[in-house]
>>> print(open('start.pdb').read())   # PDB, C-alpha atoms
ATOM      1  CA  MET A   1      16.292 -38.080 -45.854
ATOM      2  CA  SER A   2      19.248 -38.877 -43.579
ATOM      3  CA  LYS A   3      20.192 -36.783 -40.575
ATOM      4  CA  LYS A   4      23.503 -35.935 -42.220
ATOM      5  CA  ILE A   5      21.761 -34.337 -45.217
ATOM      6  CA  LEU A   6      19.369 -32.442 -42.951
ATOM      7  CA  ARG A   7      22.255 -31.110 -40.890
ATOM      8  CA  GLY A   8      24.104 -30.159 -44.059
ATOM      9  CA  LEU A   9      21.101 -28.167 -45.281
ATOM     10  CA  LEU A  10      20.765 -26.226 -42.024
ATOM     11  CA  LEU A  11      23.593 -23.741 -42.604
ATOM     12  CA  PRO A  12      22.634 -22.967 -46.256
ATOM     13  CA  LEU A  13      19.056 -22.319 -45.115
ATOM     14  CA  LEU A  14      20.310 -19.950 -42.410
ATOM     15  CA  VAL A  15      22.448 -18.137 -44.981
ATOM     16  CA  LEU A  16      19.423 -17.873 -47.294
ATOM     17  CA  LEU A  17      17.330 -16.468 -44.437
ATOM     18  CA  ALA A  18      20.015 -13.918 -43.557
ATOM     19  CA  TRP A  19      20.295 -12.970 -47.228
ATOM     20  CA  GLN A  20      16.547 -12.389 -47.406
ATOM     21  CA  LEU A  21      16.533 -10.298 -44.224
ATOM     22  CA  VAL A  22      19.480  -8.148 -45.327
ATOM     23  CA  THR A  23      17.961  -7.398 -48.724
ATOM     24  CA  ALA A  24      14.489  -6.804 -47.238
ATOM     25  CA  LYS A  25      15.931  -4.224 -44.814
ATOM     26  CA  GLY A  26      17.685  -2.464 -47.694
ATOM     27  CA  VAL A  27      21.154  -2.785 -46.152
ATOM     28  CA  PHE A  28      22.550  -3.147 -49.674
ATOM     29  CA  SER A  29      21.042  -1.843 -52.884
ATOM     30  CA  ALA A  30      19.605  -4.356 -55.363
ATOM     31  CA  TYR A  31      22.418  -3.355 -57.732
ATOM     32  CA  LEU A  32      24.992  -4.776 -55.299
ATOM     33  CA  LEU A  33      23.009  -7.634 -53.759
ATOM     34  CA  PRO A  34      19.771  -8.751 -55.450
ATOM     35  CA  THR A  35      17.088 -10.489 -53.438
ATOM     36  CA  PRO A  36      16.743 -14.281 -53.503
ATOM     37  CA  MET A  37      13.560 -13.854 -55.542
ATOM     38  CA  GLN A  38      15.377 -11.808 -58.181
ATOM     39  CA  VAL A  39      18.042 -14.496 -58.422
ATOM     40  CA  TRP A  40      15.349 -17.156 -58.737
ATOM     41  CA  GLU A  41      13.679 -15.186 -61.537
ATOM     42  CA  ALA A  42      17.018 -14.806 -63.326
ATOM     43  CA  PHE A  43      17.518 -18.551 -63.015
ATOM     44  CA  GLY A  44      14.064 -19.088 -64.536
ATOM     45  CA  GLU A  45      14.940 -16.859 -67.477
ATOM     46  CA  LEU A  46      18.228 -18.615 -68.152
ATOM     47  CA  TRP A  47      16.668 -22.045 -67.774
ATOM     48  CA  ALA A  48      13.690 -21.275 -70.027
ATOM     49  CA  SER A  49      15.942 -19.857 -72.746
ATOM     50  CA  GLY A  50      18.307 -22.837 -72.529
ATOM     51  CA  LEU A  51      21.319 -20.551 -72.060
ATOM     52  CA  LEU A  52      22.255 -21.970 -68.673
ATOM     53  CA  LEU A  53      22.368 -25.559 -69.905
ATOM     54  CA  GLN A  54      24.228 -24.514 -73.035
ATOM     55  CA  HIS A  55      26.962 -22.728 -71.074
ATOM     56  CA  LEU A  56      27.175 -25.518 -68.495
ATOM     57  CA  PHE A  57      27.620 -28.129 -71.222
ATOM     58  CA  VAL A  58      30.518 -26.183 -72.755
ATOM     59  CA  SER A  59      32.177 -25.755 -69.363
ATOM     60  CA  LEU A  60      31.731 -29.403 -68.385
ATOM     61  CA  ARG A  61      33.261 -30.515 -71.669
ATOM     62  CA  ARG A  62      36.315 -28.345 -71.036
ATOM     63  CA  VAL A  63      36.685 -29.507 -67.444
ATOM     64  CA  PHE A  64      36.460 -33.217 -68.203
ATOM     65  CA  LEU A  65      38.791 -32.969 -71.185
ATOM     66  CA  GLY A  66      41.356 -31.034 -69.132
ATOM     67  CA  PHE A  67      40.974 -33.480 -66.245
ATOM     68  CA  THR A  68      41.508 -36.440 -68.583
ATOM     69  CA  ILE A  69      44.682 -34.884 -69.975
ATOM     70  CA  SER A  70      45.926 -34.271 -66.416
ATOM     71  CA  CYS A  71      45.300 -37.905 -65.488
ATOM     72  CA  CYS A  72      47.193 -39.128 -68.548
ATOM     73  CA  LEU A  73      50.176 -36.943 -67.628
ATOM     74  CA  ALA A  74      50.209 -36.847 -63.834
ATOM     75  CA  VAL A  75      49.601 -40.502 -62.937
ATOM     76  CA  PRO A  76      52.385 -42.037 -65.080
ATOM     77  CA  LEU A  77      54.824 -39.276 -64.082
ATOM     78  CA  GLY A  78      53.918 -39.699 -60.411
ATOM     79  CA  ILE A  79      54.509 -43.444 -60.670
ATOM     80  CA  LEU A  80      57.872 -42.945 -62.387
ATOM     81  CA  CYS A  81      59.079 -40.349 -59.869
ATOM     82  CA  GLY A  82      57.810 -42.359 -56.909
ATOM     83  CA  GLN A  83      59.428 -45.565 -58.130
ATOM     84  CA  SER A  84      62.759 -44.240 -59.425
ATOM     85  CA  ARG A  85      64.842 -41.924 -57.262
ATOM     86  CA  ARG A  86      67.136 -41.246 -60.224
ATOM     87  CA  PHE A  87      64.240 -40.161 -62.436
ATOM     88  CA  ASP A  88      62.869 -38.077 -59.558
ATOM     89  CA  SER A  89      66.221 -36.336 -59.104
ATOM     90  CA  TYR A  90      66.082 -35.083 -62.690
ATOM     91  CA  CYS A  91      62.463 -33.885 -62.493
ATOM     92  CA  TRP A  92      61.945 -32.484 -58.999
ATOM     93  CA  LEU A  93      63.462 -29.013 -59.491
ATOM     94  CA  LEU A  94      61.466 -28.220 -62.644
ATOM     95  CA  LEU A  95      58.264 -29.628 -61.164
ATOM     96  CA  GLU A  96      58.735 -27.675 -57.915
ATOM     97  CA  PHE A  97      59.235 -24.496 -59.929
ATOM     98  CA  LEU A  98      56.120 -25.069 -62.027
ATOM     99  CA  ARG A  99      54.068 -26.024 -58.960
ATOM    100  CA  HIS A 100      54.608 -22.597 -57.423
ATOM    101  CA  VAL A 101      53.680 -20.643 -60.551
ATOM    102  CA  PRO A 102      49.936 -19.821 -60.539
ATOM    103  CA  PRO A 103      48.296 -20.824 -63.839
ATOM    104  CA  LEU A 104      46.810 -17.334 -64.235
ATOM    105  CA  ALA A 105      50.333 -15.853 -64.137
ATOM    106  CA  ALA A 106      51.100 -17.792 -67.309
ATOM    107  CA  VAL A 107      47.992 -16.614 -69.176
ATOM    108  CA  PRO A 108      49.818 -14.041 -71.392
ATOM    109  CA  LEU A 109      52.418 -16.629 -72.403
ATOM    110  CA  ILE A 110      49.773 -19.306 -72.938
ATOM    111  CA  ILE A 111      47.874 -16.967 -75.252
ATOM    112  CA  LEU A 112      51.063 -16.282 -77.233
ATOM    113  CA  TRP A 113      51.791 -19.987 -77.583
ATOM    114  CA  ALA A 114      48.326 -21.510 -77.911
ATOM    115  CA  GLY A 115      46.210 -18.606 -79.147
ATOM    116  CA  ILE A 116      42.757 -17.824 -77.770
ATOM    117  CA  GLY A 117      41.066 -21.050 -78.793
ATOM    118  CA  GLU A 118      40.232 -24.150 -76.770
ATOM    119  CA  ALA A 119      43.890 -25.156 -76.414
ATOM    120  CA  SER A 120      44.693 -22.201 -74.142
ATOM    121  CA  LYS A 121      41.675 -22.867 -71.922
ATOM    122  CA  LEU A 122      42.563 -26.544 -71.597
ATOM    123  CA  THR A 123      46.143 -25.604 -70.737
ATOM    124  CA  ILE A 124      44.943 -23.481 -67.805
ATOM    125  CA  ILE A 125      42.787 -26.343 -66.507
ATOM    126  CA  VAL A 126      45.601 -28.880 -66.893
ATOM    127  CA  LEU A 127      48.086 -26.656 -65.056
ATOM    128  CA  ALA A 128      45.624 -26.194 -62.195
ATOM    129  CA  SER A 129      44.752 -29.877 -61.833
ATOM    130  CA  PHE A 130      48.066 -31.574 -62.621
ATOM    131  CA  PHE A 131      49.947 -31.150 -59.344
ATOM    132  CA  PRO A 132      47.304 -32.360 -56.848
ATOM    133  CA  LEU A 133      47.109 -35.633 -58.758
ATOM    134  CA  PHE A 134      50.855 -35.893 -59.366
ATOM    135  CA  LEU A 135      51.779 -35.261 -55.727
ATOM    136  CA  ASN A 136      49.238 -37.738 -54.373
ATOM    137  CA  THR A 137      50.336 -40.388 -56.859
ATOM    138  CA  TYR A 138      53.978 -39.761 -56.055
ATOM    139  CA  SER A 139      53.323 -39.932 -52.315
ATOM    140  CA  GLY A 140      51.352 -43.169 -52.591
ATOM    141  CA  ILE A 141      54.008 -44.875 -54.718
ATOM    142  CA  HIS A 142      57.006 -43.541 -52.792
ATOM    143  CA  ASN A 143      55.607 -44.371 -49.347
ATOM    144  CA  CYS A 144      54.627 -47.938 -50.178
ATOM    145  CA  ASP A 145      55.036 -50.283 -47.199
ATOM    146  CA  LYS A 146      58.583 -51.667 -47.330
ATOM    147  CA  ARG A 147      57.377 -54.991 -45.945
ATOM    148  CA  LEU A 148      55.169 -55.471 -48.988
ATOM    149  CA  LEU A 149      58.138 -54.819 -51.258
ATOM    150  CA  GLU A 150      60.196 -57.336 -49.319
ATOM    151  CA  VAL A 151      57.474 -59.945 -49.838
ATOM    152  CA  GLY A 152      57.563 -59.178 -53.561
ATOM    153  CA  GLN A 153      61.315 -59.641 -53.664
ATOM    154  CA  THR A 154      60.972 -62.939 -51.811
ATOM    155  CA  LEU A 155      58.456 -64.092 -54.418
ATOM    156  CA  GLY A 156      60.842 -63.096 -57.199
ATOM    157  CA  PHE A 157      58.739 -60.259 -58.628
ATOM    158  CA  THR A 158      60.316 -58.281 -61.431
ATOM    159  CA  LEU A 159      60.344 -54.465 -61.218
ATOM    160  CA  ARG A 160      57.258 -54.298 -63.421
ATOM    161  CA  GLU A 161      55.434 -56.843 -61.260
ATOM    162  CA  GLN A 162      56.358 -54.926 -58.111
ATOM    163  CA  ILE A 163      54.863 -51.750 -59.582
ATOM    164  CA  MET A 164      51.709 -53.378 -60.945
ATOM    165  CA  ARG A 165      51.010 -55.805 -58.085
ATOM    166  CA  ILE A 166      52.317 -53.960 -55.035
ATOM    167  CA  ARG A 167      53.021 -50.250 -55.436
ATOM    168  CA  ILE A 168      50.000 -49.208 -57.504
ATOM    169  CA  PRO A 169      47.435 -51.196 -55.443
ATOM    170  CA  ALA A 170      49.006 -49.816 -52.243
ATOM    171  CA  ALA A 171      48.870 -46.269 -53.659
ATOM    172  CA  LEU A 172      45.320 -46.603 -54.956
ATOM    173  CA  THR A 173      43.714 -44.586 -52.153
ATOM    174  CA  SER A 174      46.198 -41.732 -52.618
ATOM    175  CA  ILE A 175      45.696 -41.763 -56.386
ATOM    176  CA  VAL A 176      41.910 -41.603 -56.054
ATOM    177  CA  VAL A 177      42.157 -38.749 -53.541
ATOM    178  CA  GLY A 178      44.448 -36.979 -56.002
ATOM    179  CA  MET A 179      41.923 -37.506 -58.781
ATOM    180  CA  GLN A 180      39.182 -36.069 -56.589
ATOM    181  CA  LEU A 181      41.304 -33.011 -55.814
ATOM    182  CA  ALA A 182      42.310 -32.626 -59.473
ATOM    183  CA  LEU A 183      38.685 -32.761 -60.561
ATOM    184  CA  GLY A 184      37.835 -30.039 -58.049
ATOM    185  CA  TYR A 185      40.769 -27.885 -59.131
ATOM    186  CA  SER A 186      39.745 -28.345 -62.773
ATOM    187  CA  TRP A 187      36.305 -26.993 -61.993
ATOM    188  CA  ARG A 188      37.707 -24.120 -59.912
ATOM    189  CA  ALA A 189      40.104 -23.132 -62.704
ATOM    190  CA  LEU A 190      37.197 -22.821 -65.084
ATOM    191  CA  ILE A 191      36.679 -19.081 -64.609
ATOM    192  CA  GLY A 192      40.357 -18.368 -65.211
ATOM    193  CA  ALA A 193      40.291 -20.556 -68.320
ATOM    194  CA  GLU A 194      37.208 -18.820 -69.676
ATOM    195  CA  LEU A 195      38.702 -15.375 -69.132
ATOM    196  CA  ILE A 196      40.619 -15.996 -72.346
ATOM    197  CA  ALA A 197      38.313 -14.631 -75.019
ATOM    198  CA  ALA A 198      35.580 -17.191 -74.382
ATOM    199  CA  SER A 199      32.268 -16.965 -76.200
ATOM    200  CA  ALA A 200      30.543 -19.704 -74.202
ATOM    201  CA  GLY A 201      30.766 -21.368 -70.814
ATOM    202  CA  ILE A 202      29.578 -20.600 -67.325
ATOM    203  CA  GLY A 203      32.598 -18.343 -66.742
ATOM    204  CA  TYR A 204      31.698 -16.359 -69.846
ATOM    205  CA  LEU A 205      28.120 -16.102 -68.594
ATOM    206  CA  ILE A 206      29.315 -14.595 -65.300
ATOM    207  CA  LEU A 207      31.701 -12.140 -66.966
ATOM    208  CA  ASP A 208      29.085 -11.082 -69.486
ATOM    209  CA  ALA A 209      26.566 -10.554 -66.672
ATOM    210  CA  GLU A 210      29.100  -8.406 -64.807
ATOM    211  CA  GLU A 211      29.559  -6.201 -67.873
ATOM    212  CA  MET A 212      25.780  -5.944 -68.258
ATOM    213  CA  SER A 213      25.359  -5.033 -64.556
ATOM    214  CA  ARG A 214      23.317  -8.166 -63.811
ATOM    215  CA  PRO A 215      24.396  -9.291 -60.321
ATOM    216  CA  ASP A 216      21.430 -11.670 -60.221
ATOM    217  CA  VAL A 217      22.848 -13.584 -63.207
ATOM    218  CA  VAL A 218      26.322 -13.502 -61.637
ATOM    219  CA  ILE A 219      24.929 -15.158 -58.503
ATOM    220  CA  VAL A 220      23.073 -17.727 -60.617
ATOM    221  CA  GLY A 221      26.370 -18.596 -62.293
ATOM    222  CA  MET A 222      28.189 -18.850 -58.955
ATOM    223  CA  LEU A 223      25.474 -21.075 -57.521
ATOM    224  CA  ALA A 224      25.546 -23.253 -60.644
ATOM    225  CA  ILE A 225      29.309 -23.699 -60.303
ATOM    226  CA  GLY A 226      28.996 -24.687 -56.646
ATOM    227  CA  ILE A 227      26.052 -27.049 -57.157
ATOM    228  CA  ILE A 228      27.503 -28.763 -60.226
ATOM    229  CA  GLY A 229      30.929 -29.037 -58.576
ATOM    230  CA  THR A 230      29.380 -30.696 -55.515
ATOM    231  CA  ALA A 231      27.388 -33.052 -57.736
ATOM    232  CA  ILE A 232      30.503 -34.015 -59.708
ATOM    233  CA  ASP A 233      32.370 -34.758 -56.482
ATOM    234  CA  CYS A 234      29.536 -36.917 -55.131
ATOM    235  CA  ILE A 235      29.192 -38.815 -58.419
ATOM    236  CA  PHE A 236      32.945 -39.406 -58.529
ATOM    237  CA  LEU A 237      33.000 -40.801 -54.978
ATOM    238  CA  LEU A 238      29.967 -42.973 -55.697
ATOM    239  CA  LEU A 239      31.666 -44.340 -58.811
ATOM    240  CA  MET A 240      34.867 -45.071 -56.895
ATOM    241  CA  ARG A 241      32.922 -46.930 -54.200
ATOM    242  CA  ARG A 242      31.266 -49.003 -56.912
ATOM    243  CA  VAL A 243      34.552 -49.810 -58.636
ATOM    244  CA  PHE A 244      36.509 -50.394 -55.417
ATOM    245  CA  PRO A 245      33.927 -51.501 -52.823
ATOM    246  CA  TRP A 246      36.588 -52.714 -50.380
ATOM    247  CA  GLN A 247      37.889 -49.183 -49.887
ATOM    248  CA  GLN A 248      35.966 -47.475 -47.062
ATOM    249  CA  GLY A 249      38.102 -44.327 -46.879
ATOM    250  CA  TRP A 250      36.147 -42.581 -49.600
ATOM    251  CA  GLN A 251      32.902 -42.236 -47.688
ATOM    252  CA  ARG A 252      31.715 -38.646 -47.340
TER     253      ARG A 252
END
>>> encode(input="start.pdb", output="structure tokens")
Amino acid sequence: MSKKILRGLLLPLLVLLAWQLVTAKGVFSAYLLPTPMQVWEAFGELWASGLLLQHLFVSLRRVFLGFTISCCLAVPLGILCGQSRRFDSYCWLLLEFLRHVPPLAAVPLIILWAGIGEASKLTIIVLASFFPLFLNTYSGIHNCDKRLLEVGQTLGFTLREQIMRIRIPAALTSIVVGMQLALGYSWRALIGAELIAASAGIGYLILDAEEMSRPDVVIVGMLAIGIIGTAIDCIFLLLMRRVFPWQQGWQR
């Protein structure tokens, strides 16, 4: 095990130790803060019954579908706005307005338009993950090195060739960083998405546990979100390093 991993585990272990000491001293009641052992037992129950995996699968499906939709919308729009100042001038005001509206503020309207099915949940995830990817794509395309563009003009590249051979490769790092951020925002928006009359998903599991006064299950759900989110991020970076091995800026 590398020194970096060992150092990274030090703080969580200290937090776990402090948690155990606080609960052992009875600083908080078990109703407010269960002991680590109670949380572990709740995890065992959920794992043995298969409920945890079932809810995680539903949530992961929603997150990846919403993330895919965001990629299909944000990357092309970011390229268009970054390449064309005229197109950008038409879009920037509406996009700036939407960027500053929290997705949860639009929940009532989303329910009216999309109902309480999967469409409304996906809309919340897309709204949360769209702008990190769009802004990074736009920045990478817009801030392309002018010298590279001059070389393309010297070689007689058409506009399409300039975009495909110069701007997009130059913006690749920014686009990948935007995808990483969008994936994280998709996962973070999960609870808000599953507030909308969900009957499955890790967010539903947490809300149901809160109504049933099961803080141990709530903590299991929170830990599952954090662990799975970290794993998704690591897998994404590993995949990007495999696909683009010459890029060293994605090391964690």
>>> resolve_selection(input="start.pdb", expression="the PyMOL selection byres ((chain A and resi 66) around 12)", output="JSON, numbers by chain")
{"A": [59, 60, 61, 62, 63, 64, 65, 67, 68, 69, 70, 71, 72, 73, 74, 118, 119, 120, 121, 122, 123, 124, 125, 126, 127, 128, 129, 130, 182, 183, 184, 185, 186, 187, 189, 190, 193]}
>>> resolve_selection(input="start.pdb", expression="the PyMOL selection byres ((chain A and resi 225) around 10)", output="VMD selection string")
chain A and resid 56 59 187 to 188 190 to 191 202 to 203 219 to 224 226 to 231
>>> residues_around(input="start.pdb", residues="Gly140 in chain A", least_positions_apart="4", cutoff="8 Å", atoms="all atoms listed in the file", output="PyMOL selection string")
chain A and resi 82+136+144+167-168+170-175
>>> closest_residue(input="start.pdb", among="A:Leu80, A:Leu21, A:Ile163, A:Leu53", to="Thr35 in chain A", atoms="all atoms listed in the file")
A:Leu21
>>> closest_residue(input="start.pdb", among="A:Leu14, A:Val151, A:Ala200, A:Ile111", to="Ile166 in chain A", atoms="only C-alpha atoms")
A:Val151
>>> atom_distance(input="start.pdb", atom1="CA of Leu98 in chain A", atom2="CA of Asn143 in chain A")
23.1 Å
>>> atom_distance(input="start.pdb", atom1="CA of Leu205 in chain A", atom2="CA of Gly115 in chain A")
21.1 Å
>>> residues_around(input="start.pdb", residues="Val75 in chain A", least_positions_apart="4", cutoff="7 Å", atoms="all atoms listed in the file", output="NGL selection string")
:A and (71 or 79 or 133-134 or 137)
>>> closest_residue(input="start.pdb", among="A:Gly44, A:Pro76, A:Leu135, A:Ile141", to="Arg99 in chain A", atoms="all atoms listed in the file")
A:Leu135
>>> closest_residue(input="start.pdb", among="A:Gly178, A:Phe244, A:Gly192, A:Leu77", to="Pro102 in chain A", atoms="all atoms listed in the file")
A:Gly192
>>> atom_distance(input="start.pdb", atom1="CA of His55 in chain A", atom2="CA of Tyr204 in chain A")
8.0 Å
>>> residues_around(input="start.pdb", residues="Val217 in chain A", least_positions_apart="2", cutoff="10 Å", atoms="all atoms listed in the file", output="PDB file with C-alpha atoms, keeping the file's coordinate frame")
ATOM      1  CA  PRO A  34      19.771  -8.751 -55.450  1.00  0.00           C
ATOM      2  CA  GLN A  38      15.377 -11.808 -58.181  1.00  0.00           C
ATOM      3  CA  VAL A  39      18.042 -14.496 -58.422  1.00  0.00           C
ATOM      4  CA  TRP A  40      15.349 -17.156 -58.737  1.00  0.00           C
ATOM      5  CA  GLU A  41      13.679 -15.186 -61.537  1.00  0.00           C
ATOM      6  CA  ALA A  42      17.018 -14.806 -63.326  1.00  0.00           C
ATOM      7  CA  PHE A  43      17.518 -18.551 -63.015  1.00  0.00           C
ATOM      8  CA  GLU A  45      14.940 -16.859 -67.477  1.00  0.00           C
ATOM      9  CA  LEU A  46      18.228 -18.615 -68.152  1.00  0.00           C
ATOM     10  CA  LEU A 205      28.120 -16.102 -68.594  1.00  0.00           C
ATOM     11  CA  ILE A 206      29.315 -14.595 -65.300  1.00  0.00           C
ATOM     12  CA  LEU A 207      31.701 -12.140 -66.966  1.00  0.00           C
ATOM     13  CA  ASP A 208      29.085 -11.082 -69.486  1.00  0.00           C
ATOM     14  CA  ALA A 209      26.566 -10.554 -66.672  1.00  0.00           C
ATOM     15  CA  GLU A 210      29.100  -8.406 -64.807  1.00  0.00           C
ATOM     16  CA  MET A 212      25.780  -5.944 -68.258  1.00  0.00           C
ATOM     17  CA  SER A 213      25.359  -5.033 -64.556  1.00  0.00           C
ATOM     18  CA  ARG A 214      23.317  -8.166 -63.811  1.00  0.00           C
ATOM     19  CA  PRO A 215      24.396  -9.291 -60.321  1.00  0.00           C
ATOM     20  CA  ILE A 219      24.929 -15.158 -58.503  1.00  0.00           C
ATOM     21  CA  VAL A 220      23.073 -17.727 -60.617  1.00  0.00           C
ATOM     22  CA  GLY A 221      26.370 -18.596 -62.293  1.00  0.00           C
ATOM     23  CA  MET A 222      28.189 -18.850 -58.955  1.00  0.00           C
ATOM     24  CA  LEU A 223      25.474 -21.075 -57.521  1.00  0.00           C
TER      25      LEU A 223
END
